[in-house]
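Enquirer: Attaching a single structure in structure tokens format; questions to follow.
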Amino acid sequence: MLNQTITDNEGVKRYLITLNVNGDTHTVLVKGNAILANVLRDELNLTGTKKGCELGDCGSCTVLLEGKPVDSCMVLAMEADGREITTIEGVAVNSKLDAVQEAMLNYTAVQCGYCTPGMVLSAKALLTRNPHPTEPEVREAISGNLCRCTGYVHIVEAVMAASEGRLVPEDYKSSKAEGESA
Amino acid sequence: MSSERKDEYKVIGHSVPRIDGPEKVTGAAKYTLDLKFPNMLYGKILTSPHAHARIISIDTSEAEALPGVKAVITHEHVPTLKYGLSPARWDENIFCSDKVRFVGDKVAAVACLDESTCYKALKLIKVEYEVLPAVLDFTTAMDEGQPLVHEEYERNINTEIHQEFGDVDKAFAEAYHVRTDTFIGQRTYQCPIEPHTAISMWDNNKLTVYSSTQSPHYFQYYIAREFGLDMGDVRIIKPFVGGGFGGKLEPTGLEFAGAVLAKRTSRPVRMFYDRAEMFAHNRGRHAQQMEITSGVDKNGKILVIHANFKMDGGAYTSLGIASAYYAGALLPMTYEFDNYKFDMYRAYTNLPACGAQRGHGAPQPKYAFESHLDNVAKDLGIDPMDIRILNARRENTETPNNFKVNSCHMRECLEKVREMSDWDEKKKHKIPGRGVGVSTGSFVTGAGYPIYRTDLPHSSAFIRINEDGTAATLYTGAVEIGQGSDTVLCQMAAEAMGYRYEHMKIIAADTEITPMDLGAYASRQTYMSGTAVKMAGEEIKKQIIEMASAMLSLPVSDLDCDDGIVFSLSREGKALTFEEVARKHFVLKGPLLGKGVYTPPKLGGTFKGAPVGTSPAYSFGAQVGEVQIDEETGQIDVLGIWDAHDCGKVINPRLLHGQVHGALFMGMGESCWEEVRYDDKGKIINPELANYLFLTAMDMPPIESEVLDTYEPTGPWGAKEVGEGATNPTLGMFSNAIFDAMGVRVNSLPLTYEKVWRALKEKRELEEAEKNKKS
Ligand code: FES
Ligand code: FES
């Protein structure tokens, strides 16, 4: 499919593309070298997609492209044209958290939170294709998502728990907040 | 009514979910790089490509002419006042004027309509340099005849320390066994995943800065000082911060250059460091050369220690004077001995400046000391665990350098990891290539003195109850950077008020709204901010009980408030809800407010450098690790790690274990993998996350961490620190486990596979030679 283009007076071409993000269709005008992470963040204001390196090393910018986790800092916006993208903003539906999010929350798998959106998406992609992974499979699935805070201990625990439907950890039950909301 | 020691509390001591968790798991949390303001410009800094060079000229005309460029600034446009974090050595300028001192030193900056124009503009700035010989090796930097990094610091000596306690010579003379070992520690970098970002804007003469900072207060103080502003005219706002670990404690070129660019353009300016620029800004762990000599008696009791260190400071001081003092100050914490000598030189080099990384100054000396102690134990034929238990510090003691230790369960921590790891069994039945190592650590629970001299309190807080009593908002200058302070402080506020955690809101770390707090460093917030928060909560509780007393016509002494209910102690059923009492208070008396403040007591000795390492309380911990070494490749497989901690009353168990995991993870990385490496021109070889290797989820071994049931009498509900202390034992633990596995010692960090392989090879060759000699 040929994109419509506009050329500015310096001769720089811009392409009209369609991004399907979290079920919404956006028409945006981008340069050929525009990076998906930047278009999501700067044009669509979806800043839940983080940037930690812009080199494809850290995984903070993970989004799902047709269900598969990709580093959106390594994807051209043009490549995503017409394809389905899920960002962290699209994971919770009508403010109902996804199981992975719920478990990450309850198992205190979040510290600074900067890696969290990417982690959630990588884990969600794993559980979609493999609902009952082993621990090594979980570790492998999130090995492209670097976390500097947690040592991954609670993250792995949370993803395993999400896969087993144990969204509330045992030690958490004793907490006041849980007793209250139950 | 309040704080006698109890076993069970309604809010503290429970793993309540993080107050900021929902925003973080849904991507709603806004970090500085996620913020935009109308009319905002983008800024970038031009840095030096040379480690050491004289600036001959700077020509910005072409950059200025580029469409989209709104301002170009150099040293001519900024204040010339030198800044830094350690006040005794302010030695850094916003931009270099005469010479550049490391690859990455700041030369100029631009503000443009968009980021890509910034990069084009930077390329158009023409700087002519005369390259000078660079000082890259800190071990020779202080020799005669080396080039000078700063002309005013002779022989490149940045800091020189000589401390002596007890009678060192006598103790060495009397010792049964004296031994010296030398170890090397490497440069590492904090590597928070969120890049540093700052957005600066002016409203007439008031400067507002949004920044990924660990201390809005220090930013406010140092930025006001640099620009000659009143502190009240500088507002620092901390959005969500994606990790700090010490690297975001001081203002950077982003804040300083950003403020000038914003002023010149009258527009908000957002600036950030990309990953390589973060590595260049650094302020990470110093490289150190550590010579340790000990004298012990026949049984292995330590009589005397001499620590003789050198450290690589890089081009500027940053917080490095404190790092230099810390390196020696905390060495006598976990073991008791009376005679101690500490000598240190911190050298200037033409490399990025070093500062405070998690465990500030302490982890590498601890690695050296713990490795040395195992060598001593081996000399004497004592089990490494036994020699530590023999020397373990006890509660209510004082270190030779005058640190008063209240609660201390060092010995119990060691006994605990001995049991958890099955130490005795593993020692008895040795499997070839396998080894166990033990190590200890301790850390301050907040520094006894602030970084710059002031008599301001270290923490303060206030709480406002919503008019109808259905919520309480905690206002604190304490700084959430991931460690969980917002959550823990809300738990503490609720507990102190007799209220409920789920009704808590928090506004934190905005210097114009929240009361002052020194911020997130030196593992201080649970204790110090917590003490202020507890006081604020108790003030609310007192007013609630007074109001309830009037409403129920019962004496104050007969009332208590817990879990959102005010009740009579003597009469069953006589009770009111916190909400209705709080509402009544507002109707009759106006806003229901509570405030609290914390200033540490006067601590420490009177010798030079005595304040560094003082703290109202110290944490203690021990770790055992088990490794398997592949003799062919040197590969180190970690089979398990066991950690026991004495960190006082635990406010939130899951958050606390998260701190231990994170600290251990960082310590593990520093032990075997992480190192910032430089080429022979002083350029960083590996400033990317793909090449600066820290552990992924696949590399992380199983960890078991336990906390002892301990109580610090001076802390809020008995709490003390955990966040940094857990990094301290790890490096030594690895070193000792590897030593146990292969019988040879690697004397420099990181303990890479290659070094292990080489050590094994040398050992084999030595054994062969011995055999050949005999035959
Ligand atoms: S920002 Fe994309 S992988 Fe790091
Ligand atoms: S929680 Fe901070 S990087 Fe993962």
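Starting from 1 in every chain, residues are counted up; chains themselves are A, B, ... following the order of the structure tokens, and ligands are numbered from 1 as listed.
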Please give me, as an mmCIF file with all heavy atoms, in the first residue's frame, the residues lying within 8 Å of ligand 2 when counting only C-alpha atoms and all ligand atoms.

Expert:
data_model
loop_
_atom_site.group_PDB
_atom_site.id
_atom_site.type_symbol
_atom_site.label_atom_id
_atom_site.label_comp_id
_atom_site.auth_asym_id
_atom_site.auth_seq_id
_atom_site.Cartn_x
_atom_site.Cartn_y
_atom_site.Cartn_z
ATOM 1 N N ALA A 109 5.654 -6.140 43.126
ATOM 2 C CA ALA A 109 6.655 -6.386 42.092
ATOM 3 C C ALA A 109 7.084 -5.076 41.436
ATOM 4 O O ALA A 109 7.841 -5.074 40.486
ATOM 5 C CB ALA A 109 6.084 -7.336 41.053
ATOM 6 N N VAL A 110 6.579 -3.975 41.965
ATOM 7 C CA VAL A 110 6.862 -2.667 41.398
ATOM 8 C C VAL A 110 7.685 -1.881 42.397
ATOM 9 O O VAL A 110 7.346 -1.836 43.575
ATOM 10 C CB VAL A 110 5.537 -1.899 41.168
ATOM 11 C CG1 VAL A 110 5.819 -0.502 40.653
ATOM 12 C CG2 VAL A 110 4.633 -2.661 40.240
ATOM 13 N N GLN A 111 8.771 -1.302 41.942
ATOM 14 C CA GLN A 111 9.436 -0.318 42.804
ATOM 15 C C GLN A 111 9.359 1.044 42.117
ATOM 16 O O GLN A 111 8.334 1.700 42.201
ATOM 17 C CB GLN A 111 10.857 -0.757 43.151
ATOM 18 C CG GLN A 111 10.841 -1.913 44.178
ATOM 19 C CD GLN A 111 12.204 -2.219 44.772
ATOM 20 O OE1 GLN A 111 13.065 -1.363 44.885
ATOM 21 N NE2 GLN A 111 12.402 -3.473 45.175
ATOM 22 N N CYS A 112 10.405 1.435 41.398
ATOM 23 C CA CYS A 112 10.305 2.761 40.770
ATOM 24 C C CYS A 112 9.253 2.781 39.675
ATOM 25 O O CYS A 112 8.721 3.815 39.328
ATOM 26 C CB CYS A 112 11.662 3.217 40.243
ATOM 27 S SG CYS A 112 12.112 2.513 38.647
ATOM 28 N N GLY A 113 8.974 1.613 39.099
ATOM 29 C CA GLY A 113 7.896 1.531 38.118
ATOM 30 C C GLY A 113 8.305 1.832 36.692
ATOM 31 O O GLY A 113 7.492 1.737 35.779
ATOM 32 N N TYR A 114 9.565 2.189 36.496
ATOM 33 C CA TYR A 114 9.956 2.598 35.144
ATOM 34 C C TYR A 114 9.985 1.426 34.172
ATOM 35 O O TYR A 114 9.677 1.562 32.998
ATOM 36 C CB TYR A 114 11.314 3.311 35.166
ATOM 37 C CG TYR A 114 11.473 4.285 34.036
ATOM 38 C CD1 TYR A 114 10.823 5.518 34.063
ATOM 39 C CD2 TYR A 114 12.239 3.978 32.920
ATOM 40 C CE1 TYR A 114 10.941 6.416 33.016
ATOM 41 C CE2 TYR A 114 12.366 4.874 31.862
ATOM 42 C CZ TYR A 114 11.715 6.093 31.919
ATOM 43 O OH TYR A 114 11.829 6.980 30.877
ATOM 44 N N CYS A 115 10.346 0.259 34.682
ATOM 45 C CA CYS A 115 10.365 -0.932 33.819
ATOM 46 C C CYS A 115 8.998 -1.585 33.735
ATOM 47 O O CYS A 115 8.784 -2.484 32.937
ATOM 48 C CB CYS A 115 11.372 -1.953 34.372
ATOM 49 S SG CYS A 115 10.823 -2.719 35.922
ATOM 50 N N THR A 116 8.091 -1.165 34.632
ATOM 51 C CA THR A 116 6.844 -1.909 34.827
ATOM 52 C C THR A 116 5.971 -2.039 33.575
ATOM 53 O O THR A 116 5.518 -3.149 33.262
ATOM 54 C CB THR A 116 6.043 -1.297 35.997
ATOM 55 O OG1 THR A 116 6.911 -1.207 37.130
ATOM 56 C CG2 THR A 116 4.842 -2.149 36.349
ATOM 57 N N LEU A 146 14.927 -4.955 31.400
ATOM 58 C CA LEU A 146 15.846 -4.759 32.516
ATOM 59 C C LEU A 146 15.158 -4.018 33.648
ATOM 60 O O LEU A 146 14.436 -3.051 33.417
ATOM 61 C CB LEU A 146 17.075 -3.972 32.064
ATOM 62 C CG LEU A 146 17.961 -4.677 31.034
ATOM 63 C CD1 LEU A 146 19.110 -3.768 30.623
ATOM 64 C CD2 LEU A 146 18.478 -6.000 31.581
ATOM 65 N N CYS A 147 15.395 -4.498 34.852
ATOM 66 C CA CYS A 147 14.901 -3.802 36.036
ATOM 67 C C CYS A 147 16.094 -3.575 36.941
ATOM 68 O O CYS A 147 16.850 -4.499 37.203
ATOM 69 C CB CYS A 147 13.845 -4.644 36.754
ATOM 70 S SG CYS A 147 13.329 -3.899 38.317
ATOM 71 N N ARG A 148 16.255 -2.358 37.406
ATOM 72 C CA ARG A 148 17.409 -2.056 38.253
ATOM 73 C C ARG A 148 17.025 -2.062 39.728
ATOM 74 O O ARG A 148 17.879 -1.896 40.581
ATOM 75 C CB ARG A 148 17.951 -0.687 37.845
ATOM 76 C CG ARG A 148 19.329 -0.326 38.381
ATOM 77 C CD ARG A 148 20.416 -1.291 37.974
ATOM 78 N NE ARG A 148 21.740 -0.750 38.179
ATOM 79 C CZ ARG A 148 22.836 -1.505 38.286
ATOM 80 N NH1 ARG A 148 22.752 -2.823 38.210
ATOM 81 N NH2 ARG A 148 24.016 -0.950 38.457
ATOM 82 N N CYS A 149 15.735 -2.235 40.030
ATOM 83 C CA CYS A 149 15.293 -2.067 41.423
ATOM 84 C C CYS A 149 15.030 -3.368 42.161
ATOM 85 O O CYS A 149 15.306 -3.468 43.345
ATOM 86 C CB CYS A 149 14.000 -1.267 41.465
ATOM 87 S SG CYS A 149 14.113 0.388 40.782
ATOM 88 N N THR A 150 14.442 -4.337 41.509
ATOM 89 C CA THR A 150 13.780 -5.427 42.248
ATOM 90 C C THR A 150 14.548 -6.728 42.311
ATOM 91 O O THR A 150 14.160 -7.627 43.052
ATOM 92 C CB THR A 150 12.443 -5.773 41.571
ATOM 93 O OG1 THR A 150 12.751 -6.266 40.246
ATOM 94 C CG2 THR A 150 11.535 -4.573 41.448
ATOM 95 N N TYR A 152 14.201 -8.744 40.236
ATOM 96 C CA TYR A 152 13.205 -9.567 39.524
ATOM 97 C C TYR A 152 12.464 -10.565 40.428
ATOM 98 O O TYR A 152 11.592 -11.289 39.961
ATOM 99 C CB TYR A 152 13.841 -10.359 38.367
ATOM 100 C CG TYR A 152 14.703 -9.519 37.452
ATOM 101 C CD1 TYR A 152 16.093 -9.508 37.594
ATOM 102 C CD2 TYR A 152 14.147 -8.719 36.476
ATOM 103 C CE1 TYR A 152 16.895 -8.732 36.766
ATOM 104 C CE2 TYR A 152 14.937 -7.938 35.644
ATOM 105 C CZ TYR A 152 16.315 -7.953 35.794
ATOM 106 O OH TYR A 152 17.112 -7.185 34.979
ATOM 107 N N PRO B 192 20.202 3.874 36.885
ATOM 108 C CA PRO B 192 18.748 3.833 36.997
ATOM 109 C C PRO B 192 18.168 3.690 35.593
ATOM 110 O O PRO B 192 18.786 4.155 34.628
ATOM 111 C CB PRO B 192 18.389 5.186 37.610
ATOM 112 C CG PRO B 192 19.546 6.079 37.303
ATOM 113 C CD PRO B 192 20.755 5.180 37.242
ATOM 114 N N ILE B 193 17.020 3.048 35.466
ATOM 115 C CA ILE B 193 16.479 2.851 34.122
ATOM 116 C C ILE B 193 15.903 4.159 33.563
ATOM 117 O O ILE B 193 15.942 4.405 32.373
ATOM 118 C CB ILE B 193 15.420 1.721 34.105
ATOM 119 C CG1 ILE B 193 16.001 0.427 34.693
ATOM 120 C CG2 ILE B 193 14.922 1.451 32.693
ATOM 121 C CD1 ILE B 193 17.079 -0.234 33.876
ATOM 122 N N GLU B 194 15.415 5.018 34.433
ATOM 123 C CA GLU B 194 14.923 6.319 33.937
ATOM 124 C C GLU B 194 16.100 7.267 33.720
ATOM 125 O O GLU B 194 16.878 7.517 34.627
ATOM 126 C CB GLU B 194 13.990 6.971 34.967
ATOM 127 C CG GLU B 194 13.466 8.321 34.493
ATOM 128 C CD GLU B 194 13.214 9.339 35.614
ATOM 129 O OE1 GLU B 194 13.684 9.153 36.746
ATOM 130 O OE2 GLU B 194 12.556 10.344 35.336
ATOM 131 N N GLY B 242 12.334 7.273 38.295
ATOM 132 C CA GLY B 242 12.623 5.888 37.920
ATOM 133 C C GLY B 242 13.948 5.380 38.448
ATOM 134 O O GLY B 242 14.791 4.924 37.693
ATOM 135 N N GLY B 243 14.126 5.455 39.743
ATOM 136 C CA GLY B 243 15.338 4.919 40.373
ATOM 137 C C GLY B 243 16.439 5.965 40.460
ATOM 138 O O GLY B 243 16.528 6.873 39.627
ATOM 139 N N GLY B 482 11.180 4.899 44.270
ATOM 140 C CA GLY B 482 10.977 3.490 43.984
ATOM 141 C C GLY B 482 11.071 2.636 45.237
ATOM 142 O O GLY B 482 10.509 1.553 45.299
#

Enquirer: Using only C-alpha atoms and all ligand atoms, which residues of the polymer chains come no farther than 9 Å from ligand 1? I'd like the answer as a PyMOL selection string.

Expert: (chain A and resi 37+49-62+70-74+144-146) or (chain B and resi 193+689)

Enquirer: With a distance cut-off of 9 Å and only C-alpha atoms, select the neighbouring residues of stretch 528-531 of chain B, excluding the residue or stretch itself and same-chain residues fewer than 5 positions from it, and output the selection as a compact mmCIF listing (two decimals) with N, CA, C and O atoms, in the first residue's frame.

Expert:
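The new file around_1.txt reads:
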# COMPACT_ATOMS: atom_id res chain seq x y z
N THR B 445 21.55 4.59 59.36
CA THR B 445 20.13 4.86 59.18
C THR B 445 20.00 6.38 59.09
O THR B 445 19.64 7.05 60.03
N GLY B 446 20.41 6.90 57.96
CA GLY B 446 20.44 8.36 57.81
C GLY B 446 21.73 8.92 58.36
O GLY B 446 22.27 8.43 59.34
N HIS B 458 16.21 17.79 59.73
CA HIS B 458 16.45 16.89 58.60
C HIS B 458 15.15 16.46 57.93
O HIS B 458 15.14 16.09 56.78
N SER B 459 14.09 16.46 58.71
CA SER B 459 12.80 16.02 58.16
C SER B 459 11.68 16.79 58.83
O SER B 459 11.80 17.19 60.00
N SER B 460 10.61 16.96 58.08
CA SER B 460 9.40 17.53 58.69
C SER B 460 8.21 17.06 57.87
O SER B 460 8.37 16.58 56.75
N ALA B 461 7.05 17.18 58.46
CA ALA B 461 5.85 16.67 57.78
C ALA B 461 4.63 17.34 58.37
O ALA B 461 4.67 17.80 59.51
N THR B 476 4.83 15.69 52.78
CA THR B 476 6.19 15.45 53.23
C THR B 476 7.18 15.76 52.11
O THR B 476 6.88 15.57 50.94
N GLY B 477 8.33 16.24 52.51
CA GLY B 477 9.39 16.46 51.53
C GLY B 477 10.14 15.19 51.21
O GLY B 477 11.04 15.19 50.36
N ALA B 478 9.78 14.09 51.85
CA ALA B 478 10.46 12.81 51.59
C ALA B 478 10.28 12.41 50.13
O ALA B 478 9.29 12.76 49.50
N SER B 485 8.89 4.90 49.89
CA SER B 485 8.71 5.81 51.03
C SER B 485 7.29 6.37 51.11
O SER B 485 6.76 6.53 52.20
N VAL B 488 5.27 3.60 52.87
CA VAL B 488 5.67 3.36 54.26
C VAL B 488 5.29 4.56 55.14
O VAL B 488 4.80 4.40 56.26
N LEU B 489 5.49 5.77 54.62
CA LEU B 489 5.16 6.95 55.42
C LEU B 489 3.65 7.09 55.61
O LEU B 489 3.20 7.53 56.67
N MET B 492 2.77 4.75 58.33
CA MET B 492 3.16 5.29 59.62
C MET B 492 2.21 6.40 60.07
O MET B 492 1.85 6.48 61.24
N ALA B 493 1.80 7.25 59.11
CA ALA B 493 0.87 8.33 59.45
C ALA B 493 -0.44 7.74 59.96
O ALA B 493 -0.97 8.15 60.99
N ASP B 517 12.55 18.22 53.75
CA ASP B 517 13.14 16.93 54.10
C ASP B 517 14.41 16.83 53.26
O ASP B 517 14.44 17.27 52.12
N LEU B 518 15.46 16.25 53.80
CA LEU B 518 16.72 16.23 53.06
C LEU B 518 16.70 15.25 51.89
O LEU B 518 17.55 15.34 51.00
N GLY B 519 15.75 14.31 51.88
CA GLY B 519 15.61 13.49 50.68
C GLY B 519 16.07 12.06 50.83
O GLY B 519 16.34 11.57 51.92
N ALA B 536 3.60 14.00 63.61
CA ALA B 536 2.45 14.69 63.02
C ALA B 536 1.17 13.89 63.26
O ALA B 536 0.12 14.44 63.60
N GLY B 596 5.02 17.56 62.36
CA GLY B 596 6.12 16.88 63.04
C GLY B 596 7.44 17.29 62.44
O GLY B 596 7.51 17.78 61.31
N VAL B 597 8.50 17.07 63.19
CA VAL B 597 9.82 17.49 62.76
C VAL B 597 10.85 16.56 63.36
O VAL B 597 10.63 15.98 64.42
N TYR B 598 11.97 16.38 62.66
CA TYR B 598 13.03 15.53 63.20
C TYR B 598 14.40 16.17 62.99
O TYR B 598 14.75 16.57 61.87
N THR B 599 15.14 16.28 64.06
CA THR B 599 16.55 16.68 64.01
C THR B 599 17.32 15.63 64.79
O THR B 599 16.94 15.30 65.91
N PRO B 600 18.38 15.09 64.20
CA PRO B 600 19.13 14.07 64.96
C PRO B 600 19.83 14.70 66.16
O PRO B 600 20.12 15.91 66.15
N GLY B 715 14.22 4.50 67.13
CA GLY B 715 13.53 4.63 65.84
C GLY B 715 12.03 4.67 66.00
O GLY B 715 11.48 4.24 67.01
N PRO B 716 11.31 5.16 64.97
CA PRO B 716 9.86 5.17 65.04
C PRO B 716 9.34 3.72 65.07
O PRO B 716 9.62 2.96 64.15
N TRP B 717 8.68 3.36 66.11
CA TRP B 717 8.20 2.00 66.36
C TRP B 717 9.34 0.98 66.36
O TRP B 717 9.12 -0.21 66.19
N ALA B 719 12.02 1.11 64.14
CA ALA B 719 12.52 0.86 62.79
C ALA B 719 13.93 1.41 62.58
O ALA B 719 14.32 2.39 63.20

Enquirer: From stretch 68-128 of chain B, collect each residue whose DSSP state is strand (DSSP E or B) and return the set as a ChimeraX atom specification.

Expert: /B:69-73,83,92,99-100,106-112,126-128

Enquirer: Just list the residues in stretch 34-117 of chain A DSSP gives alpha helix (DSSP H) on the backbone, as number ranges by chain.

Expert: A: 36-38, 99-106, 116-117

Enquirer: Print the selection's residues with C-alpha atoms to a file, as a compact mmCIF listing (two decimals), in the first residue's frame.

Expert:
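Output file part.txt follows:
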# COMPACT_ATOMS: atom_id res chain seq x y z
CA LEU A 36 7.25 4.27 17.02
CA ALA A 37 8.08 4.96 20.67
CA ASN A 38 8.32 8.67 19.94
CA ALA A 99 -4.28 -10.34 36.03
CA VAL A 100 -0.61 -9.52 35.49
CA GLN A 101 -1.13 -5.94 36.66
CA GLU A 102 -3.14 -7.05 39.64
CA ALA A 103 -0.50 -9.58 40.67
CA MET A 104 2.34 -7.10 40.12
CA LEU A 105 0.51 -4.72 42.42
CA ASN A 106 -0.33 -7.22 45.13
CA THR A 116 6.84 -1.91 34.83
CA PRO A 117 4.86 -1.12 31.65

Enquirer: Rank nothing, just name the residue among A:Ala141, A:Asp98, A:Ala158, A:Ala80 nearest to A:Ala34, using only C-alpha atoms.

Expert: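 Using only C-alpha atoms, the shortest distance to A:Ala34 belongs to A:Ala80.
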
Enquirer: Counting only C-alpha atoms, which residue out of A:Lys31, A:Arg139, A:Arg83, A:Lys96 sits closest to chain B?

Expert: A:Arg139

Enquirer: Report, in Å to a single decimal, how far apart atom CA of B:Thr473 and atom CA of A:Ser95 are.

Expert: 23.9 Å

Enquirer: Please measure the separation of atom CA of B:Gln289 and atom CA of B:Thr139, giving the value in Å to one decimal.

Expert: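 If I compute the distance from atom CA of B:Gln289 to atom CA of B:Thr139, I get 7.6 Å.
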
Enquirer: Find the residues near stretch 317-333 of chain B: any atom within 7 Å, counting only C-alpha atoms, skip ones fewer than 2 places away on the same chain, and give them as a list in words.

Expert: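 Here the qualifying residues turn out to be Gly84, Leu85, Ser86, Arg89, Asp91, Thr159, Gly313, Tyr335, Glu336, Phe342, Met344, Arg346, Ala353, Cys354, Gly355, Ala356, His360, Gly361, Ala362, Pro365, Lys366, Thr399, Ser442, Gly609, Val612 and Gly613 of chain B.
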
Enquirer: Could the residues in this selection be saved with N, CA, C and O atoms as a tab-separated table (two decimals), in the first residue's frame?

Expert:
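again_23.tsv, written as the output of this step:
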chain	number	residue	atom	x	y	z
B	84	GLY	N	29.27	22.11	43.62
B	84	GLY	CA	29.61	20.72	43.90
B	84	GLY	C	28.68	20.29	45.01
B	84	GLY	O	27.77	21.03	45.37
B	85	LEU	N	28.88	19.10	45.54
B	85	LEU	CA	27.98	18.67	46.61
B	85	LEU	C	28.70	18.78	47.94
B	85	LEU	O	28.15	19.29	48.91
B	86	SER	N	29.95	18.33	48.01
B	86	SER	CA	30.73	18.47	49.25
B	86	SER	C	31.24	19.91	49.34
B	86	SER	O	32.06	20.32	48.54
B	89	ARG	N	34.89	21.33	48.82
B	89	ARG	CA	35.54	21.33	47.51
B	89	ARG	C	34.56	21.62	46.39
B	89	ARG	O	34.21	20.73	45.64
B	91	ASP	N	34.16	22.61	42.95
B	91	ASP	CA	35.19	22.69	41.91
B	91	ASP	C	34.63	22.52	40.49
B	91	ASP	O	35.37	22.32	39.55
B	159	THR	N	41.45	14.72	48.31
B	159	THR	CA	41.13	14.55	49.73
B	159	THR	C	42.21	13.68	50.35
B	159	THR	O	42.65	12.70	49.74
B	313	GLY	N	38.77	9.62	42.13
B	313	GLY	CA	37.65	10.53	42.26
B	313	GLY	C	37.07	10.99	40.94
B	313	GLY	O	35.94	11.42	40.87
B	335	TYR	N	32.40	-5.67	63.32
B	335	TYR	CA	33.26	-6.42	64.25
B	335	TYR	C	33.81	-5.46	65.29
B	335	TYR	O	34.07	-4.29	65.00
B	336	GLU	N	34.05	-5.98	66.47
B	336	GLU	CA	34.55	-5.14	67.55
B	336	GLU	C	36.07	-5.19	67.61
B	336	GLU	O	36.66	-6.27	67.69
B	342	PHE	N	43.23	4.62	59.71
B	342	PHE	CA	42.66	4.75	58.37
B	342	PHE	C	43.38	5.86	57.61
B	342	PHE	O	43.41	7.01	58.06
B	344	MET	N	43.76	7.55	53.70
B	344	MET	CA	43.08	7.59	52.40
B	344	MET	C	43.54	8.79	51.58
B	344	MET	O	43.73	9.88	52.11
B	346	ARG	N	42.18	10.56	48.00
B	346	ARG	CA	41.26	10.55	46.85
B	346	ARG	C	41.91	11.40	45.76
B	346	ARG	O	42.22	12.57	45.98
B	353	ALA	N	33.32	12.10	37.15
B	353	ALA	CA	33.34	12.25	38.61
B	353	ALA	C	32.57	11.13	39.29
B	353	ALA	O	31.51	10.72	38.82
B	354	CYS	N	33.11	10.66	40.40
B	354	CYS	CA	32.44	9.61	41.17
B	354	CYS	C	31.73	10.22	42.37
B	354	CYS	O	32.07	11.31	42.81
B	355	GLY	N	30.77	9.49	42.89
B	355	GLY	CA	29.99	10.00	44.02
B	355	GLY	C	29.48	8.88	44.89
B	355	GLY	O	30.21	7.93	45.19
B	356	ALA	N	28.21	9.00	45.26
B	356	ALA	CA	27.63	8.07	46.23
B	356	ALA	C	26.75	7.05	45.52
B	356	ALA	O	25.70	7.40	45.00
B	360	HIS	N	27.11	3.76	49.75
B	360	HIS	CA	28.08	4.85	49.77
B	360	HIS	C	29.46	4.56	50.37
B	360	HIS	O	29.64	4.61	51.57
B	361	GLY	N	30.42	4.31	49.53
B	361	GLY	CA	31.80	4.16	50.02
B	361	GLY	C	32.07	2.85	50.73
B	361	GLY	O	33.22	2.42	50.83
B	362	ALA	N	31.05	2.18	51.22
B	362	ALA	CA	31.27	1.03	52.10
B	362	ALA	C	31.42	-0.34	51.42
B	362	ALA	O	32.20	-1.16	51.90
B	365	PRO	N	35.32	-1.43	50.41
B	365	PRO	CA	36.13	-1.70	51.59
B	365	PRO	C	35.65	-2.94	52.34
B	365	PRO	O	36.45	-3.71	52.88
B	366	LYS	N	34.35	-3.14	52.33
B	366	LYS	CA	33.81	-4.31	53.00
B	366	LYS	C	34.27	-5.58	52.26
B	366	LYS	O	34.65	-6.57	52.88
B	399	THR	N	32.06	2.17	68.48
B	399	THR	CA	33.18	1.83	67.60
B	399	THR	C	34.40	2.68	68.01
B	399	THR	O	34.23	3.70	68.68
B	442	SER	N	26.84	-3.47	57.35
B	442	SER	CA	26.14	-2.57	58.25
B	442	SER	C	26.01	-1.24	57.54
B	442	SER	O	26.80	-0.92	56.66
B	609	GLY	N	36.73	14.91	60.41
B	609	GLY	CA	35.95	13.93	59.66
B	609	GLY	C	35.00	13.13	60.53
B	609	GLY	O	34.31	12.24	60.03
B	612	VAL	N	31.21	12.09	59.46
B	612	VAL	CA	30.85	11.14	58.40
B	612	VAL	C	30.74	9.73	58.98
B	612	VAL	O	31.70	9.20	59.53
B	613	GLY	N	29.60	9.15	58.82
B	613	GLY	CA	29.36	7.81	59.36
B	613	GLY	C	28.54	7.85	60.63
B	613	GLY	O	28.06	6.82	61.10

Enquirer: Would you please work out which residue, of B:Ile94, B:Ile651, B:Ala63, B:Ala287, is nearest to chain A when using only C-alpha atoms?

Expert: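 Going through B:Ile94, B:Ile651, B:Ala63, B:Ala287 one by one, the smallest distance to chain A is for B:Ile651.
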
Enquirer: To one decimal in Å, tell me the separation between atom CA of B:His75 and atom CA of B:Trp202.

Expert: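 Separation between atom CA of B:His75 and atom CA of B:Trp202: 20.6 Å.
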
Enquirer: With a distance cut-off of 12 Å and only C-alpha atoms, select the neighbouring residues of A:Asn3, excluding the residue or stretch itself and same-chain residues fewer than 3 positions from it, and output the selection as a PyMOL selection string.

Expert: chain A and resi 6+13-18+27-32+78-79+81-82
